[in-house]
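Here is the structure we will look at.
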Protein chains: 2
Amino acid sequence: MSTLVTGIAELVTNDASRGEGALGVVPDAALVIADGAVGWLGPAREAPAADRMLDVKGRAVLPGFVDSHAHLVFGGDRAVEFEARMAGRRYDGGGIASTVDATRAASDDQLRARLRALVAEMRAQGTTTVEVKSGYGLTIDDEARALRLAREVTDETTFLGAHVVPAEFAGRRDDYVELVTGPMLAACAPYASWVDVFCEPASPHAFDGDASRAVLEAGRRAGLGLRVHGNQLAAGPGVRLAVELGAASVDHCTHLVDADVDALAGGTTVATLLPGVEFSTRSPYPDARRLLAAGVTVALATDCNPGSSFTSSMPFCIAMAVREMGMTPSEAVWGATAGGAAALRRADIGHLGVGARADLTVLDAPSYRHLAYRPGVPLARALDV
Amino acid sequence: MSTLVTGIAELVTNDASRGEGALGVVPDAALVIADGAVGWLGPAREAPAADRMLDVKGRAVLPGFVDSHAHLVFGGDRAVEFEARMAGRRYDGGGIASTVDATRAASDDQLRARLRALVAEMRAQGTTTVEVKSGYGLTIDDEARALRLAREVTDETTFLGAHVVPAEFAGRRDDYVELVTGPMLAACAPYASWVDVFCEPASPHAFDGDASRAVLEAGRRAGLGLRVHGNQLAAGPGVRLAVELGAASVDHCTHLVDADVDALAGGTTVATLLPGVEFSTRSPYPDARRLLAAGVTVALATDCNPGSSFTSSMPFCIAMAVREMGMTPSEAVWGATAGGAAALRRADIGHLGVGARADLTVLDAPSYRHLAYRPGVPLARALDV
């Protein structure tokens, strides 16, 4: 059963050989989907026949957004903490503890309902792949439970036992790292593709360079790919550690020194920027232009979580990246699609070449530019083919 | 036929005597609608019987958003101009001319289709009242046409012949003001409730204080209420002129001197802030805190238009006002509902007291705080009762 998608005012392929610019834009395009993959794409006038037709009536079509950084297994919310922060309180990660309490207290069904609602909310906004982290359980059972639930909705699951040091380990960070790298990792690895750590010596709640290295190396020995939360609150060792260890992505990158930019430019690690965090913590935005100028691969993601960034909207992140981080609309859309795929080391998503997964997002607009030009407007949705 | 709305986790009434704070928040509330108006509201446990029930299942309910500043009758779009601006080009209002050309060239049906699509898009995001301006026709017939079309979708129509001086009057601003205040006003007044002027001596395209006064006084003589675009690009006479003439609202207020704030504090004119404009023109945001501290009534609106702010999203404006303009979530929600109603001098909308119009917006969230806490997420929609 093949489907011919017609009426595409503008098709973003992310294949520069297929069309204009880095996005490989094909105007007045058509696309054939067969067996869940792209079978053909090109100018509408050259489209082959197919079993059925789907007319998108003058809309733009993009690869589905790839949200490579999200925390969707949690209980409670922190709207009141957000309100206090907007009135001047600083963010240091300490509020994570309240989500840990609420998550531990929640039933599987409660966590599952929230998780599924957020994934549906994302899909309704054009996100077709989402990475989901643990990190609000922080016991062996609660972390394994979070990952087991996450696996129900995505292949991209990340063990983040090293999110913060939980209250019961106060003053005993080394003991907690031993737990994370030992029995907790053993219990979680079967449900996880990735290991991650909140490397932030500036936070009293997170992990320094040595502890972060221990977590990442243990994860690698357990067969997991590496990801890092780095340089969110201050410059520190996170970015260079990520590059040194060949992590797929280092996320946040808000505070960088030249050596960090040089390391990223010389390595294989994607810099994933999370403008929702700077929005919701009222922090300075990272300088994407500096990274792009140095040749670094830049991805955008939501960091959807109840504390520092409760947006699930990739279009919002695109708009903020253009307004605040020096990205062009084209670079921001690339970062939210191909960039996210690179951050997950996936070749089958984030583009619409022949053979790619048929993950399509359609806009109620004629051009990808409208994602930044029309901020806040719900233009994007995943297309059910 | 009466309807009992139940399952309201949080009801924003904007009546401080009804509940907590300036928003008059009632938790676990119910509301009865009869004959298109609010018949009763209060705690759910005290709710009376009604002909039918509508369960919103733990969501927050607010007065529908009142978007008191929008330009929805136009042809074409300006996505490419937006992109150039994000790459560094400055905004001075000159691009309006390209929309004038596209608008004049469009058929009634084309303009109507765009207008209705935008109003539907707004309603799907929780806006139940929208003001619509002319201002892209700038001939007698084209301005009257815009207002005739606008009247098909709203009672709040505004004659903005004095948007910019059209190209055919280049160097003859006085002649154009004579046209606007004479035959153009006469042709437009039957379809308009308000007159407005882009008072901006700093722009080569707009109007100085004397011309603005002439436009407003002529409008008043024709029976129209007064509105002003003022102090967008630089400090100038707009705000004080608006207050002096008793305009319902002066909009933008980006660049204010102390005398402007004092005038607003001592007058009856609402200051309507339009954060979408600062977002999309990469301008400094206005300081809402300064106005609120002085006791000024502050409204929020989208200024939806294809040039300087193509958002239709009141939730986006609320989130930006909280992040960038020093408003609390409560003040921003008030500004987007009761504030907008005040800017239109309407007592029947913007609140949910008994007798108010049954314009309800429901959030996919338990609290109004989520409008800022979850930026970019399409949480709000107008409730069809």
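If you're wondering about the labels, chains in the structure tokens are A, B, ... by order shown, residues count from 1 in each chain, ligands from 1 in order shown.
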Do me a favour and pick out the residues of chain B within 10 Å of chain A, using only C-alpha atoms, as a compact mmCIF listing (two decimals) with C-alpha atoms, in the first residue's frame.
# COMPACT_ATOMS: atom_id res chain seq x y z
CA ASP B 77 2.73 37.62 3.77
CA ARG B 78 6.16 38.97 4.73
CA ALA B 79 8.05 35.89 5.88
CA VAL B 80 11.10 36.87 3.84
CA GLU B 81 11.17 40.37 5.37
CA PHE B 82 10.97 38.72 8.79
CA GLU B 83 13.91 36.48 7.94
CA ALA B 84 15.98 39.47 6.80
CA MET B 86 16.29 38.37 12.11
CA ALA B 87 19.55 38.60 10.17
CA GLY B 88 19.93 42.22 11.27
CA GLU B 121 -7.16 30.30 14.48
CA MET B 122 -7.56 32.80 17.32
CA ALA B 124 -8.90 27.79 18.63
CA GLN B 125 -6.35 29.47 20.92
CA GLY B 276 4.70 39.99 19.69
CA GLU B 278 9.12 43.38 20.14
CA PHE B 279 9.66 39.67 19.54
CA SER B 280 9.33 39.95 15.79
CA THR B 281 11.16 43.24 15.33
CA ARG B 282 13.87 42.28 17.86
CA CYS B 304 -1.51 40.20 14.70
CA ASN B 305 -0.32 41.49 11.31
CA PRO B 306 1.91 40.17 8.55
CA GLY B 307 4.75 42.62 9.14
CA SER B 308 5.73 43.30 12.72
CA SER B 309 3.91 40.55 14.65
CA PHE B 310 2.31 37.61 12.89
CA THR B 311 1.34 35.79 16.05
CA SER B 312 -2.36 35.23 16.77
CA SER B 313 -1.61 33.67 20.14
CA MET B 314 -2.66 35.43 23.33
CA PRO B 315 -1.00 32.64 25.37
CA PHE B 316 2.29 33.46 23.63
CA CYS B 317 1.83 37.14 24.53
CA ALA B 319 4.28 34.06 28.33
CA MET B 320 6.44 36.79 26.80
CA VAL B 322 5.96 37.32 32.09
CA ARG B 323 9.43 36.45 30.78
CA GLU B 324 10.36 39.83 29.33
CA GLY B 326 8.09 42.04 34.41
CA MET B 327 4.45 40.97 34.70
CA THR B 328 3.38 38.19 37.05
CA PRO B 329 1.35 35.36 35.51
CA SER B 330 -1.70 36.81 37.26
CA PRO B 366 -5.17 22.91 36.04
CA SER B 367 -4.15 26.55 36.49
CA TYR B 368 -3.87 29.84 34.60
CA ARG B 369 -0.19 29.83 35.63
CA HIS B 370 0.45 27.18 32.98
CA LEU B 371 -0.03 29.79 30.23
CA ALA B 372 3.40 31.18 31.15
CA TYR B 373 4.81 27.99 32.70
CA ARG B 374 4.23 26.01 29.50
CA PRO B 375 5.22 28.46 26.75
CA GLY B 376 4.31 27.60 23.17
CA VAL B 377 2.08 24.68 24.13
CA PRO B 378 -1.44 25.04 22.68
CA LEU B 379 -3.27 24.76 26.02
Give the strand (DSSP E or B) residues of region 149-331 of chain A, as assigned by DSSP on the backbone, as a compact mmCIF listing (two decimals) with C-alpha atoms, in the first residue's frame.
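Everything below was put into selection-v5.txt:
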# COMPACT_ATOMS: atom_id res chain seq x y z
CA THR A 157 15.51 5.96 26.63
CA THR A 158 18.21 7.44 28.80
CA PHE A 159 19.33 6.40 32.27
CA LEU A 160 19.83 9.58 34.31
CA GLY A 161 20.29 8.24 37.82
CA ALA A 162 22.97 10.94 38.07
CA TRP A 194 21.81 5.92 26.75
CA VAL A 195 23.41 7.06 29.98
CA ASP A 196 23.44 10.73 30.97
CA VAL A 197 24.76 12.86 33.85
CA PHE A 198 24.08 16.39 35.12
CA CYS A 199 27.70 17.58 35.09
CA PHE A 207 28.01 16.21 39.76
CA GLY A 225 25.63 5.43 24.44
CA LEU A 226 26.71 8.63 26.18
CA ARG A 227 24.94 11.97 26.69
CA VAL A 228 25.81 14.83 29.02
CA HIS A 229 23.99 17.77 30.66
CA GLY A 230 26.83 20.28 30.59
CA SER A 249 25.47 15.02 22.53
CA VAL A 250 26.20 17.57 25.21
CA ASP A 251 23.11 19.49 26.15
CA HIS A 252 22.54 23.08 27.40
CA VAL A 270 26.50 17.46 18.89
CA ALA A 271 25.78 20.63 20.91
CA THR A 272 22.09 20.47 21.84
CA LEU A 273 20.62 23.83 22.84
CA VAL A 298 23.80 22.31 16.68
CA ALA A 299 20.56 20.59 17.66
CA LEU A 300 17.47 22.05 19.35
CA CYS A 304 10.47 19.20 28.56
CA ASN A 305 10.37 18.81 32.36
CA SER A 309 11.34 24.00 30.95
Would you mind reading off the distance between CA of Pro43 (chain B) and CA of Val5 (chain B), one decimal, in Å? 11.5 Å
Kindly indicate which residue among B:Gly209, B:Gly171, B:Gly339, B:Gly219 lies nearest to Thr269 (chain B), using only C-alpha atoms for the distances. B:Gly339
Residue contacts of Leu291 (chain B) (8 Å, only C-alpha atoms) excluding same-chain residues fewer than 6 positions away, as a ChimeraX atom specification: /B:261,265,297-298
Provide the CA of Ala105 (chain A) to CA of Arg90 (chain A) distance in Å, to one decimal place.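 Taking CA of Ala105 (chain A) and CA of Arg90 (chain A), their separation equals 26.8 Å.
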Just want the 12 Å neighbourhood of Asp260 (chain B), counted on only C-alpha atoms, with same-chain residues fewer than 5 positions away dropped. Output as a ChimeraX atom specification. /B:230-231,235-244,250,253-255,265-267,269,271,290-291,294,296
Atomic distance CA of Leu72 (chain A) - CA of Thr139 (chain A), expressed in Å with one decimal: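 Separating CA of Leu72 (chain A) from CA of Thr139 (chain A) is a distance of 17.3 Å.
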Got a sec to tell me which of region 11-127 of chain B DSSP assigns to helix (DSSP H, G or I), as a PyMOL selection string? chain B and resi 44-46+79-86+96-105+108-123
Could you take the residues named above and write them with C-alpha atoms, as a PDB file, in the first residue's frame?
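The resulting file, part26.pdb, is reproduced below:
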ATOM      1  CA  ALA B  44     -18.895  23.187  42.725  1.00  0.00           C
ATOM      2  CA  ARG B  45     -20.489  21.817  45.894  1.00  0.00           C
ATOM      3  CA  GLU B  46     -23.051  24.665  45.830  1.00  0.00           C
ATOM      4  CA  ALA B  79       8.050  35.889   5.879  1.00  0.00           C
ATOM      5  CA  VAL B  80      11.097  36.867   3.838  1.00  0.00           C
ATOM      6  CA  GLU B  81      11.173  40.371   5.370  1.00  0.00           C
ATOM      7  CA  PHE B  82      10.975  38.720   8.792  1.00  0.00           C
ATOM      8  CA  GLU B  83      13.912  36.481   7.944  1.00  0.00           C
ATOM      9  CA  ALA B  84      15.977  39.471   6.801  1.00  0.00           C
ATOM     10  CA  ARG B  85      15.129  41.306  10.019  1.00  0.00           C
ATOM     11  CA  MET B  86      16.285  38.374  12.107  1.00  0.00           C
ATOM     12  CA  ILE B  96       3.731  48.018   5.289  1.00  0.00           C
ATOM     13  CA  ALA B  97       3.697  49.308   1.696  1.00  0.00           C
ATOM     14  CA  SER B  98       4.148  45.799   0.313  1.00  0.00           C
ATOM     15  CA  THR B  99       1.112  44.600   2.254  1.00  0.00           C
ATOM     16  CA  VAL B 100      -0.848  47.587   0.934  1.00  0.00           C
ATOM     17  CA  ASP B 101      -0.052  46.519  -2.632  1.00  0.00           C
ATOM     18  CA  ALA B 102      -1.043  42.897  -1.933  1.00  0.00           C
ATOM     19  CA  THR B 103      -4.224  43.940  -0.148  1.00  0.00           C
ATOM     20  CA  ARG B 104      -5.392  46.253  -2.926  1.00  0.00           C
ATOM     21  CA  ALA B 105      -4.751  43.473  -5.446  1.00  0.00           C
ATOM     22  CA  ASP B 108     -13.034  40.349  -1.440  1.00  0.00           C
ATOM     23  CA  ASP B 109     -13.182  36.576  -1.237  1.00  0.00           C
ATOM     24  CA  GLN B 110      -9.434  36.267  -0.800  1.00  0.00           C
ATOM     25  CA  LEU B 111      -9.415  38.842   1.981  1.00  0.00           C
ATOM     26  CA  ARG B 112     -12.460  37.270   3.608  1.00  0.00           C
ATOM     27  CA  ALA B 113     -10.940  33.787   3.550  1.00  0.00           C
ATOM     28  CA  ARG B 114      -7.740  34.978   5.224  1.00  0.00           C
ATOM     29  CA  LEU B 115      -9.682  37.048   7.780  1.00  0.00           C
ATOM     30  CA  ARG B 116     -11.957  34.178   8.717  1.00  0.00           C
ATOM     31  CA  ALA B 117      -9.065  31.723   8.929  1.00  0.00           C
ATOM     32  CA  LEU B 118      -7.246  34.022  11.351  1.00  0.00           C
ATOM     33  CA  VAL B 119     -10.331  34.565  13.505  1.00  0.00           C
ATOM     34  CA  ALA B 120     -10.838  30.781  13.635  1.00  0.00           C
ATOM     35  CA  GLU B 121      -7.159  30.299  14.477  1.00  0.00           C
ATOM     36  CA  MET B 122      -7.558  32.804  17.324  1.00  0.00           C
ATOM     37  CA  ARG B 123     -10.689  31.149  18.659  1.00  0.00           C
TER      38      ARG B 123
END
Nearby residues (only C-alpha atoms) at most 12 Å from region 183-186 of chain A, same-chain spacing under 6 positions excluded, as number ranges by chain: A: 134-135, 137-145, 147, 158-162, 175-177, 192-196, 214-224
Selected residues written out with C-alpha atoms, as a PDB file, in the first residue's frame:
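Output saved as again_13.pdb:
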ATOM      1  CA  SER A 134      14.769   8.803  33.954  1.00  0.00           C
ATOM      2  CA  GLY A 135      16.123  10.929  36.791  1.00  0.00           C
ATOM      3  CA  GLY A 137      13.273   8.213  40.808  1.00  0.00           C
ATOM      4  CA  LEU A 138      16.845   8.072  42.117  1.00  0.00           C
ATOM      5  CA  THR A 139      16.377   4.658  43.743  1.00  0.00           C
ATOM      6  CA  ILE A 140      17.084   1.409  41.947  1.00  0.00           C
ATOM      7  CA  ASP A 141      13.419   0.516  41.657  1.00  0.00           C
ATOM      8  CA  ASP A 142      12.171   3.993  40.807  1.00  0.00           C
ATOM      9  CA  GLU A 143      14.776   4.548  38.102  1.00  0.00           C
ATOM     10  CA  ALA A 144      14.148   1.131  36.553  1.00  0.00           C
ATOM     11  CA  ARG A 145      10.400   1.789  36.672  1.00  0.00           C
ATOM     12  CA  LEU A 147      12.818   3.532  32.095  1.00  0.00           C
ATOM     13  CA  THR A 158      18.209   7.443  28.802  1.00  0.00           C
ATOM     14  CA  PHE A 159      19.333   6.397  32.270  1.00  0.00           C
ATOM     15  CA  LEU A 160      19.831   9.581  34.308  1.00  0.00           C
ATOM     16  CA  GLY A 161      20.292   8.236  37.816  1.00  0.00           C
ATOM     17  CA  ALA A 162      22.968  10.942  38.075  1.00  0.00           C
ATOM     18  CA  ASP A 175      28.200   6.692  47.954  1.00  0.00           C
ATOM     19  CA  TYR A 176      25.448   7.762  45.589  1.00  0.00           C
ATOM     20  CA  VAL A 177      27.783   7.628  42.577  1.00  0.00           C
ATOM     21  CA  ALA A 192      18.024   2.112  28.408  1.00  0.00           C
ATOM     22  CA  SER A 193      19.848   3.065  25.211  1.00  0.00           C
ATOM     23  CA  TRP A 194      21.807   5.917  26.755  1.00  0.00           C
ATOM     24  CA  VAL A 195      23.411   7.059  29.981  1.00  0.00           C
ATOM     25  CA  ASP A 196      23.443  10.727  30.971  1.00  0.00           C
ATOM     26  CA  ALA A 214      32.734   7.671  36.442  1.00  0.00           C
ATOM     27  CA  VAL A 215      29.029   7.612  35.539  1.00  0.00           C
ATOM     28  CA  LEU A 216      29.662   7.840  31.809  1.00  0.00           C
ATOM     29  CA  GLU A 217      32.406   5.211  31.752  1.00  0.00           C
ATOM     30  CA  ALA A 218      30.267   2.796  33.756  1.00  0.00           C
ATOM     31  CA  GLY A 219      27.390   3.376  31.345  1.00  0.00           C
ATOM     32  CA  ARG A 220      29.639   2.721  28.383  1.00  0.00           C
ATOM     33  CA  ARG A 221      30.838  -0.565  29.916  1.00  0.00           C
ATOM     34  CA  ALA A 222      27.154  -1.520  30.250  1.00  0.00           C
ATOM     35  CA  GLY A 223      26.702  -0.963  26.512  1.00  0.00           C
ATOM     36  CA  LEU A 224      24.985   2.414  26.648  1.00  0.00           C
TER      37      LEU A 224
END
